[in-house]
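Inspection log for the structure reproduced underneath, given as structure tokens.
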Amino acid sequence: PGGMAHQESFDPKPFAPAEYRGPFGAIDTKIPGIQFGQFMNETAKIADKITVIRSMSHGEAAHERGTHNMFTGYRPSPALAFPSFGSVVSHELGPRNDLPPYVCVPSVPNEYANSGYLSSAFGPFAIGADPARENFKVRDLNLSNGVDDKRFERRRSLLQTVDEHFRKLEKSDALDSMDAFYQHAYKLISSQKAREAFDLSKEDEKTKEEYGKTQAGQRMLLARRLVEGGVRFVSLTAGAWDHHDKIKNGIEKNMPETDRAIAALIRDLDRRGMLDNTLVMVTSEFGRTPKINPTAGRDHWPRVFSTMLAGGGVKAGYVHGSSDALGGEPEEDKVGVEDLARTLYHQIGINSESELMSPGDRPIEIVNGGEILDAILAKKA
């Protein structure tokens, strides 16, 4: 969140003038001829397993509007609230293994991560606690003290009776959504395997150390556990990147733990044989200005920035598109949010040309415009 500078991450400009280059150098990666920012040491080592898009672009320079773009694949509209990627996945694919289909770690990061015009039944399950804290425990996954299974079932039966009474009086999304919420909750409470997906204590210390015992590290480790358990879509935040002032300090503080966690996640998924079937995306709402400003920072810049993808059938060791010499404009293969969204849905197994029904029974395409980025997809054997 905030707008990660592409110049200090996936698209450094080591030969630009100092006021554009910024305070850091660049390092070589596993992709011949490709460099990342100075503090991306670990991600550079696994660059042969990822795709980097260096030509992402949209026209929204405000945080809220840029965030909307990157969470929904749509430009904001005053007339309609669009559903997030996670909510569309929840709607189209549904739950498995008694786990919610869409989970946010640790909380819903913004209003655009929600279900939009879809029923709130397809909204995210927020774990409500940061997995980096000691004695981390997800709220509401166990019965309250003094409530045994029989008493729980009596309460459940009573609730169903009350709900049915009100449902006869009024048909509303609120009732259906609340019913779906309770059904998910019942499954979580009654399934030990589902509850264990949220239990980081099951991970050995070596793995925790590999990710880093930091916010970024433990959030990404929990995300891997959830996907491994059956959650369809996990969204998490790492770091804070709105570096209008003193970008040197901001990058030094945020990048090392985020870099370590990203690399650990990719390695871990690969070791477990999960990478080919799990699509990882690292993105921000936009990039930062080409030129360092008077307060030694960079300001908002949506015209070109970088996004990283890994696994899920995308190419390994590939860079798509480029920005110009100063990192200000796309130079080759400009990619819009609609292109990215259409590609993500395609790889997940959702037809993005399908239509969803908005309030008033108006059909709306899952993605409006854009093309699948065939150039970034691995060729099937």
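Every chain in the structure tokens takes a letter, A first, then B, and so on in the order presented; its residues are numbered from 1, and the ligands are numbered from 1 following the presented order.
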
Long-range neighbours of range 193-199 of chain A as a list in words, 10 Å cut-off, only C-alpha atoms, 4 positions minimum in chain: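 Skipping anything fewer than 4 positions along the chain leaves Arg96, Asn97, Asp98, Leu99, Pro100, Ile127, Pro131, Phe136, Lys137, Val138, Leu141, Asn142, Lys187, Leu188, Ile189, Glu203, Leu222, Ala223, Arg224, Arg225, Leu226, Val227, Glu228, Gly229, Gly230 and Val231 of chain A.
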
Go through A:Lys334, A:Arg272, A:Lys213, A:Arg232 and flag the residue nearest Thr258 in chain A, using only C-alpha atoms for the distances.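 That would be A:Lys213, the residue with the smallest distance to Thr258 in chain A.
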
How many Å lie between CA of Gln347 in chain A and CA of Val103 in chain A, rounded to one decimal?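 It comes out at 19.3 Å.
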
The distance between CA of Pro32 in chain A and CA of Glu331 in chain A is 20.2 Å

What's around Val282 in chain A at 9 Å? Count only C-alpha atoms, leave out sequence neighbours fewer than 4 positions away in its own chain, and write the answer as an mmCIF file with N, CA, C and O atoms, in the first residue's frame.
```
data_model
loop_
_atom_site.group_PDB
_atom_site.id
_atom_site.type_symbol
_atom_site.label_atom_id
_atom_site.label_comp_id
_atom_site.auth_asym_id
_atom_site.auth_seq_id
_atom_site.Cartn_x
_atom_site.Cartn_y
_atom_site.Cartn_z
ATOM 1 N N ILE A 262 9.005 -12.307 0.131
ATOM 2 C CA ILE A 262 8.605 -12.665 -1.236
ATOM 3 C C ILE A 262 9.417 -13.854 -1.733
ATOM 4 O O ILE A 262 8.873 -14.835 -2.261
ATOM 5 N N THR A 307 4.837 -4.644 -11.789
ATOM 6 C CA THR A 307 4.084 -5.677 -11.082
ATOM 7 C C THR A 307 4.806 -7.006 -11.283
ATOM 8 O O THR A 307 5.327 -7.267 -12.364
ATOM 9 N N MET A 308 4.856 -7.810 -10.239
ATOM 10 C CA MET A 308 5.515 -9.117 -10.302
ATOM 11 C C MET A 308 4.491 -10.235 -10.252
ATOM 12 O O MET A 308 3.544 -10.179 -9.467
ATOM 13 N N LEU A 309 4.690 -11.248 -11.075
ATOM 14 C CA LEU A 309 3.866 -12.454 -11.049
ATOM 15 C C LEU A 309 4.776 -13.666 -10.940
ATOM 16 O O LEU A 309 5.922 -13.643 -11.398
ATOM 17 N N ALA A 310 4.261 -14.718 -10.337
ATOM 18 C CA ALA A 310 5.028 -15.966 -10.256
ATOM 19 C C ALA A 310 4.072 -17.143 -10.204
ATOM 20 O O ALA A 310 2.978 -17.050 -9.644
#
```

For Thr207 in chain A, please output as number ranges by chain all residues within 12 Å (counting only C-alpha atoms; exclusion window: fewer than 2 positions along the same chain). A: 200-205, 209-213, 217-218, 220-222, 224-225, 261, 264-265, 267-269, 271

Set the distance at 7 Å and use only C-alpha atoms: which residues neighbour range 352-363 of chain A once local chain neighbours fewer than 6 positions away are removed? I'd like the list as a PyMOL selection string. chain A and resi 117-118+342+345-346

Find the spatial neighbours of Lys315 in chain A, counting only C-alpha atoms, within a cut-off of 7 Å - ignore same-chain residues fewer than 6 positions away - and output them as an MDAnalysis selection string. chainID A and resid 50:51 376:378

Could you give me the residues within range 184-378 of chain A that DSSP places in strand (DSSP E or B), as a CSV table (one decimal) with all heavy atoms, in the first residue's frame?
```csv
chain,number,residue,atom,x,y,z
A,233,PHE,N,-8.3,-17.6,-2.6
A,233,PHE,CA,-7.7,-16.3,-2.9
A,233,PHE,C,-7.4,-15.6,-1.6
A,233,PHE,O,-8.2,-15.5,-0.7
A,233,PHE,CB,-8.7,-15.4,-3.6
A,233,PHE,CG,-8.2,-14.2,-4.2
A,233,PHE,CD1,-7.9,-14.1,-5.6
A,233,PHE,CD2,-8.0,-13.0,-3.4
A,233,PHE,CE1,-7.3,-12.9,-6.1
A,233,PHE,CE2,-7.4,-11.9,-4.0
A,233,PHE,CZ,-7.1,-11.8,-5.3
A,234,VAL,N,-6.1,-15.3,-1.4
A,234,VAL,CA,-5.6,-14.6,-0.2
A,234,VAL,C,-5.1,-13.2,-0.6
A,234,VAL,O,-4.2,-13.1,-1.5
A,234,VAL,CB,-4.5,-15.4,0.5
A,234,VAL,CG1,-4.1,-14.6,1.8
A,234,VAL,CG2,-5.0,-16.8,0.9
A,235,SER,N,-5.5,-12.2,0.1
A,235,SER,CA,-4.9,-10.8,-0.1
A,235,SER,C,-4.3,-10.4,1.2
A,235,SER,O,-4.8,-10.5,2.2
A,235,SER,CB,-6.1,-9.9,-0.5
A,235,SER,OG,-5.6,-8.6,-0.7
A,236,LEU,N,-3.1,-9.8,1.0
A,236,LEU,CA,-2.4,-9.3,2.2
A,236,LEU,C,-1.6,-8.1,1.9
A,236,LEU,O,-1.3,-7.8,0.7
A,236,LEU,CB,-1.4,-10.4,2.8
A,236,LEU,CG,-0.3,-10.9,1.9
A,236,LEU,CD1,1.0,-10.0,2.1
A,236,LEU,CD2,0.1,-12.3,2.2
A,280,VAL,N,1.0,-16.0,-7.8
A,280,VAL,CA,1.4,-15.0,-6.9
A,280,VAL,C,1.5,-13.7,-7.6
A,280,VAL,O,2.1,-13.6,-8.7
A,280,VAL,CB,2.7,-15.4,-6.2
A,280,VAL,CG1,3.2,-14.3,-5.2
A,280,VAL,CG2,2.7,-16.7,-5.5
A,281,MET,N,0.9,-12.6,-7.0
A,281,MET,CA,1.1,-11.3,-7.6
A,281,MET,C,1.5,-10.3,-6.5
A,281,MET,O,1.0,-10.3,-5.4
A,281,MET,CB,-0.2,-10.8,-8.2
A,281,MET,CG,-0.1,-9.4,-8.8
A,281,MET,SD,-1.5,-8.8,-9.8
A,281,MET,CE,-2.7,-8.5,-8.5
A,282,VAL,N,2.6,-9.6,-6.8
A,282,VAL,CA,3.0,-8.5,-6.0
A,282,VAL,C,2.8,-7.2,-6.7
A,282,VAL,O,3.4,-7.0,-7.8
A,282,VAL,CB,4.5,-8.7,-5.6
A,282,VAL,CG1,5.0,-7.5,-4.7
A,282,VAL,CG2,4.8,-10.0,-4.9
A,287,GLY,N,3.3,3.7,-9.3
A,287,GLY,CA,4.7,3.9,-9.0
A,287,GLY,C,5.0,5.3,-8.5
A,287,GLY,O,4.1,5.9,-7.9
A,288,ARG,N,6.2,5.7,-8.6
A,288,ARG,CA,6.6,7.0,-8.1
A,288,ARG,C,7.2,7.8,-9.2
A,288,ARG,O,7.7,7.3,-10.2
A,288,ARG,CB,7.6,6.9,-6.9
A,288,ARG,CG,7.2,5.9,-5.9
A,288,ARG,CD,5.9,6.2,-5.1
A,288,ARG,NE,5.9,7.4,-4.3
A,288,ARG,CZ,4.9,7.7,-3.5
A,288,ARG,NH1,3.9,6.9,-3.3
A,288,ARG,NH2,5.0,8.8,-2.8
A,300,HIS,N,3.4,10.5,-6.4
A,300,HIS,CA,2.5,9.5,-7.1
A,300,HIS,C,2.8,9.6,-8.6
A,300,HIS,O,2.9,10.6,-9.2
A,300,HIS,CB,1.1,9.8,-6.9
A,300,HIS,CG,0.7,9.8,-5.4
A,300,HIS,ND1,-0.6,10.2,-5.0
A,300,HIS,CD2,1.4,9.5,-4.3
A,300,HIS,CE1,-0.7,10.1,-3.7
A,300,HIS,NE2,0.5,9.7,-3.2
A,301,TRP,N,2.8,8.4,-9.2
A,301,TRP,CA,3.1,8.3,-10.7
A,301,TRP,C,2.4,7.0,-11.3
A,301,TRP,O,3.0,5.9,-11.2
A,301,TRP,CB,4.6,8.3,-10.9
A,301,TRP,CG,5.0,8.5,-12.4
A,301,TRP,CD1,5.3,7.6,-13.3
A,301,TRP,CD2,5.0,9.8,-13.0
A,301,TRP,NE1,5.6,8.2,-14.5
A,301,TRP,CE2,5.4,9.6,-14.4
A,301,TRP,CE3,4.7,11.1,-12.6
A,301,TRP,CZ2,5.6,10.6,-15.3
A,301,TRP,CZ3,4.9,12.1,-13.6
A,301,TRP,CH2,5.3,11.9,-14.9
A,305,PHE,N,4.7,1.7,-14.0
A,305,PHE,CA,5.2,1.1,-12.7
A,305,PHE,C,5.3,-0.4,-13.0
A,305,PHE,O,5.1,-0.9,-14.1
A,305,PHE,CB,4.3,1.4,-11.5
A,305,PHE,CG,2.8,0.9,-11.7
A,305,PHE,CD1,2.4,-0.2,-11.0
A,305,PHE,CD2,1.9,1.7,-12.4
A,305,PHE,CE1,1.0,-0.6,-11.1
A,305,PHE,CE2,0.6,1.3,-12.5
A,305,PHE,CZ,0.2,0.2,-11.9
A,306,SER,N,5.7,-1.2,-11.9
A,306,SER,CA,6.0,-2.6,-12.1
A,306,SER,C,5.1,-3.5,-11.3
A,306,SER,O,4.7,-3.1,-10.2
A,306,SER,CB,7.5,-2.9,-11.7
A,306,SER,OG,8.4,-2.2,-12.5
A,307,THR,N,4.8,-4.6,-11.8
A,307,THR,CA,4.1,-5.7,-11.1
A,307,THR,C,4.8,-7.0,-11.3
A,307,THR,O,5.3,-7.3,-12.4
A,307,THR,CB,2.6,-5.8,-11.6
A,307,THR,OG1,1.9,-4.6,-11.3
A,307,THR,CG2,1.9,-7.0,-11.1
A,308,MET,N,4.9,-7.8,-10.2
A,308,MET,CA,5.5,-9.1,-10.3
A,308,MET,C,4.5,-10.2,-10.3
A,308,MET,O,3.5,-10.2,-9.5
A,308,MET,CB,6.5,-9.3,-9.1
A,308,MET,CG,7.4,-10.5,-9.2
A,308,MET,SD,7.9,-11.1,-7.5
A,308,MET,CE,6.7,-12.3,-7.2
A,309,LEU,N,4.7,-11.2,-11.1
A,309,LEU,CA,3.9,-12.5,-11.0
A,309,LEU,C,4.8,-13.7,-10.9
A,309,LEU,O,5.9,-13.6,-11.4
A,309,LEU,CB,3.0,-12.6,-12.3
A,309,LEU,CG,2.0,-11.4,-12.6
A,309,LEU,CD1,1.4,-11.6,-14.0
A,309,LEU,CD2,0.9,-11.4,-11.6
A,310,ALA,N,4.3,-14.7,-10.3
A,310,ALA,CA,5.0,-16.0,-10.3
A,310,ALA,C,4.1,-17.1,-10.2
A,310,ALA,O,3.0,-17.0,-9.6
A,310,ALA,CB,5.9,-16.0,-9.0
A,314,VAL,N,2.6,-18.7,-15.5
A,314,VAL,CA,3.3,-17.6,-16.1
A,314,VAL,C,4.7,-18.0,-16.3
A,314,VAL,O,5.2,-18.9,-15.7
A,314,VAL,CB,3.2,-16.3,-15.3
A,314,VAL,CG1,1.7,-15.9,-15.1
A,314,VAL,CG2,3.9,-16.4,-14.0
A,318,TYR,N,11.4,-14.0,-16.7
A,318,TYR,CA,10.9,-13.2,-17.9
A,318,TYR,C,10.6,-11.8,-17.4
A,318,TYR,O,10.0,-11.6,-16.4
A,318,TYR,CB,9.7,-13.9,-18.5
A,318,TYR,CG,9.2,-13.1,-19.7
A,318,TYR,CD1,9.9,-12.9,-20.9
A,318,TYR,CD2,7.9,-12.5,-19.6
A,318,TYR,CE1,9.3,-12.2,-21.9
A,318,TYR,CE2,7.3,-11.8,-20.7
A,318,TYR,CZ,8.1,-11.6,-21.8
A,318,TYR,OH,7.5,-10.9,-22.9
A,319,VAL,N,11.0,-10.8,-18.2
A,319,VAL,CA,10.6,-9.4,-18.0
A,319,VAL,C,9.8,-9.0,-19.2
A,319,VAL,O,10.2,-9.1,-20.4
A,319,VAL,CB,11.8,-8.5,-17.8
A,319,VAL,CG1,11.4,-7.0,-17.8
A,319,VAL,CG2,12.6,-8.9,-16.6
A,320,HIS,N,8.6,-8.5,-18.9
A,320,HIS,CA,7.7,-8.0,-20.0
A,320,HIS,C,7.6,-6.5,-20.0
A,320,HIS,O,7.4,-5.9,-19.0
A,320,HIS,CB,6.3,-8.6,-19.8
A,320,HIS,CG,5.3,-8.3,-20.9
A,320,HIS,ND1,5.3,-8.9,-22.1
A,320,HIS,CD2,4.3,-7.3,-20.9
A,320,HIS,CE1,4.3,-8.4,-22.8
A,320,HIS,NE2,3.7,-7.4,-22.2
A,322,SER,N,8.9,-2.5,-20.9
A,322,SER,CA,9.9,-1.7,-20.4
A,322,SER,C,9.4,-0.2,-20.2
A,322,SER,O,8.5,0.2,-20.9
A,322,SER,CB,11.2,-1.7,-21.3
A,322,SER,OG,10.9,-1.1,-22.5
A,323,SER,N,10.1,0.5,-19.3
A,323,SER,CA,9.9,1.9,-19.2
A,323,SER,C,11.0,2.6,-19.9
A,323,SER,O,12.0,2.0,-20.2
A,323,SER,CB,9.8,2.3,-17.7
A,323,SER,OG,11.0,2.1,-17.1
A,330,PRO,N,5.9,4.2,-20.3
A,330,PRO,CA,6.1,2.9,-20.9
A,330,PRO,C,6.8,3.0,-22.3
A,330,PRO,O,6.5,3.9,-23.1
A,330,PRO,CB,4.7,2.3,-21.2
A,330,PRO,CG,3.8,3.1,-20.3
A,330,PRO,CD,4.4,4.4,-20.2
A,331,GLU,N,7.8,2.3,-22.5
A,331,GLU,CA,8.5,2.3,-23.8
A,331,GLU,C,8.1,1.2,-24.7
A,331,GLU,O,8.0,1.4,-25.9
A,331,GLU,CB,10.0,2.3,-23.6
A,331,GLU,CG,10.9,2.6,-24.8
A,331,GLU,CD,12.3,3.0,-24.5
A,331,GLU,OE1,13.1,2.1,-24.3
A,331,GLU,OE2,12.6,4.2,-24.4
A,332,GLU,N,7.9,0.0,-24.1
A,332,GLU,CA,7.5,-1.2,-24.9
A,332,GLU,C,6.4,-1.9,-24.2
A,332,GLU,O,6.4,-2.0,-23.0
A,332,GLU,CB,8.7,-2.1,-25.2
A,332,GLU,CG,9.8,-1.6,-26.1
A,332,GLU,CD,10.9,-2.6,-26.3
A,332,GLU,OE1,11.3,-3.2,-25.3
A,332,GLU,OE2,11.3,-2.8,-27.4
A,335,VAL,N,1.0,-2.2,-20.6
A,335,VAL,CA,0.0,-3.1,-20.0
A,335,VAL,C,-1.0,-2.3,-19.2
A,335,VAL,O,-0.6,-1.6,-18.2
A,335,VAL,CB,0.6,-4.2,-19.1
A,335,VAL,CG1,-0.4,-5.0,-18.4
A,335,VAL,CG2,1.6,-5.0,-20.0
A,355,GLU,N,-20.6,-12.6,-17.7
A,355,GLU,CA,-21.3,-11.5,-17.1
A,355,GLU,C,-21.8,-11.8,-15.7
A,355,GLU,O,-22.3,-12.9,-15.4
A,355,GLU,CB,-22.5,-11.0,-18.0
A,355,GLU,CG,-22.0,-10.5,-19.3
A,355,GLU,CD,-23.1,-10.1,-20.3
A,355,GLU,OE1,-24.2,-10.7,-20.1
A,355,GLU,OE2,-22.9,-9.2,-21.1
A,356,LEU,N,-21.7,-10.8,-14.8
A,356,LEU,CA,-22.3,-10.9,-13.5
A,356,LEU,C,-23.5,-10.0,-13.4
A,356,LEU,O,-23.6,-9.0,-14.2
A,356,LEU,CB,-21.3,-10.5,-12.4
A,356,LEU,CG,-20.0,-11.3,-12.4
A,356,LEU,CD1,-19.0,-10.7,-11.4
A,356,LEU,CD2,-20.2,-12.8,-12.1
A,357,MET,N,-24.4,-10.2,-12.5
A,357,MET,CA,-25.6,-9.4,-12.4
A,357,MET,C,-25.5,-8.4,-11.3
A,357,MET,O,-25.2,-8.7,-10.1
A,357,MET,CB,-26.8,-10.3,-12.1
A,357,MET,CG,-27.1,-11.3,-13.2
A,357,MET,SD,-27.2,-10.7,-14.9
A,357,MET,CE,-28.7,-9.7,-14.8
A,358,SER,N,-25.6,-7.1,-11.7
A,358,SER,CA,-25.6,-6.0,-10.7
A,358,SER,C,-27.0,-5.7,-10.2
A,358,SER,O,-28.0,-6.3,-10.7
A,358,SER,CB,-25.0,-4.8,-11.4
A,358,SER,OG,-26.0,-4.2,-12.3
A,362,ARG,N,-28.8,-5.9,-14.1
A,362,ARG,CA,-28.0,-5.4,-15.3
A,362,ARG,C,-26.8,-6.3,-15.4
A,362,ARG,O,-26.0,-6.4,-14.5
A,362,ARG,CB,-27.6,-3.9,-15.1
A,362,ARG,CG,-26.7,-3.4,-16.1
A,362,ARG,CD,-26.2,-2.0,-15.8
A,362,ARG,NE,-25.1,-1.6,-16.6
A,362,ARG,CZ,-24.3,-0.6,-16.3
A,362,ARG,NH1,-24.4,0.1,-15.2
A,362,ARG,NH2,-23.3,-0.2,-17.1
A,363,PRO,N,-26.6,-6.9,-16.6
A,363,PRO,CA,-25.4,-7.8,-16.7
A,363,PRO,C,-24.1,-6.9,-17.0
A,363,PRO,O,-24.2,-6.0,-17.8
A,363,PRO,CB,-25.7,-8.6,-18.0
A,363,PRO,CG,-26.7,-7.8,-18.7
A,363,PRO,CD,-27.5,-7.0,-17.7
A,364,ILE,N,-23.1,-7.3,-16.3
A,364,ILE,CA,-21.8,-6.5,-16.4
A,364,ILE,C,-20.7,-7.5,-16.6
A,364,ILE,O,-20.6,-8.5,-15.8
A,364,ILE,CB,-21.5,-5.7,-15.1
A,364,ILE,CG1,-22.7,-4.6,-15.0
A,364,ILE,CG2,-20.2,-5.0,-15.2
A,364,ILE,CD1,-22.5,-3.8,-13.7
A,365,GLU,N,-19.8,-7.3,-17.5
A,365,GLU,CA,-18.7,-8.2,-17.8
A,365,GLU,C,-17.8,-8.2,-16.6
A,365,GLU,O,-17.5,-7.2,-16.0
A,365,GLU,CB,-18.0,-7.8,-19.1
A,365,GLU,CG,-18.7,-8.1,-20.3
A,365,GLU,CD,-17.9,-7.8,-21.6
A,365,GLU,OE1,-16.9,-7.0,-21.4
A,365,GLU,OE2,-18.2,-8.3,-22.7
A,377,LEU,N,2.7,-15.9,-20.6
A,377,LEU,CA,2.3,-17.2,-20.2
A,377,LEU,C,3.3,-18.3,-20.7
A,377,LEU,O,3.8,-18.2,-21.8
A,377,LEU,CB,0.9,-17.5,-20.8
A,377,LEU,CG,-0.2,-16.5,-20.4
A,377,LEU,CD1,-1.5,-16.9,-21.0
A,377,LEU,CD2,-0.3,-16.3,-18.9
```

Minimum-distance residue to Val88 in chain A, chosen among A:Gly327, A:Pro101, A:Gly3, A:Pro109 (using only C-alpha atoms):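 Going through A:Gly327, A:Pro101, A:Gly3, A:Pro109 one by one, the smallest distance to Val88 in chain A is for A:Pro101.
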
Which residues of range 199-311 of chain A come within 8 Å of range 64-85 of chain A, and what is each one's closest atom pair and distance in Å (one decimal), counting only C-alpha atoms, sorted by chain and residue number, as CSV?
```
residue,atom,partner,partner_atom,distance
A:Thr283,CA,A:Met70,CA,8.0
A:Ser284,CA,A:Met70,CA,7.6
A:Glu285,CA,A:Thr67,CA,4.8
A:Phe286,CA,A:Gly66,CA,6.4
A:Pro302,CA,A:Gly66,CA,7.6
```

Could you jot down the CA of His244 in chain A to CA of Cys104 in chain A separation for me, Å, one decimal place?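 These atoms are spaced 27.3 Å apart.
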
Pick out the closest residue to Gln38 in chain A from this set: A:Tyr112, A:Gly59, A:Ser120, A:Glu252. Count only C-alpha atoms.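 Closest to Gln38 in chain A, using only C-alpha atoms: A:Glu252.
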
Identify which of the residues A:Pro106, A:Gly2, A:Gly273, A:Gly297 lies closest to Asn249 in chain A, counting only C-alpha atoms when measuring atom-to-atom distances.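 Nearest to Asn249 in chain A: A:Gly297.
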
Near Asp324 in chain A, within 12 Å and counting only C-alpha atoms, which residues show up once chain neighbours fewer than 3 positions away are dropped, as a list in words?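 Near neighbours after the sequence-gap exclusion: Gln7, Asp11, Pro12, Lys13, Phe15, Ala16, Tyr20, Arg54, Ser55, Pro290, Arg303, Val304, Phe305, Gly321, Gly327, Gly328, Glu329, Pro330, Glu331, Glu332, Asp333 and Lys334 of chain A.
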
Determine the nearest neighbour of Ile266 in chain A from the options A:Glu338, A:Asp299, A:Asp48, A:Glu134, counting only C-alpha atoms.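 Distance minimum relative to Ile266 in chain A lands on A:Asp48.
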
Find the residue from A:Ile251, A:Ala132, A:Ala316, A:Met56 that sits nearest to Phe24 in chain A; use only C-alpha atoms when measuring.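 The closest residue to Phe24 in chain A is A:Ile251.
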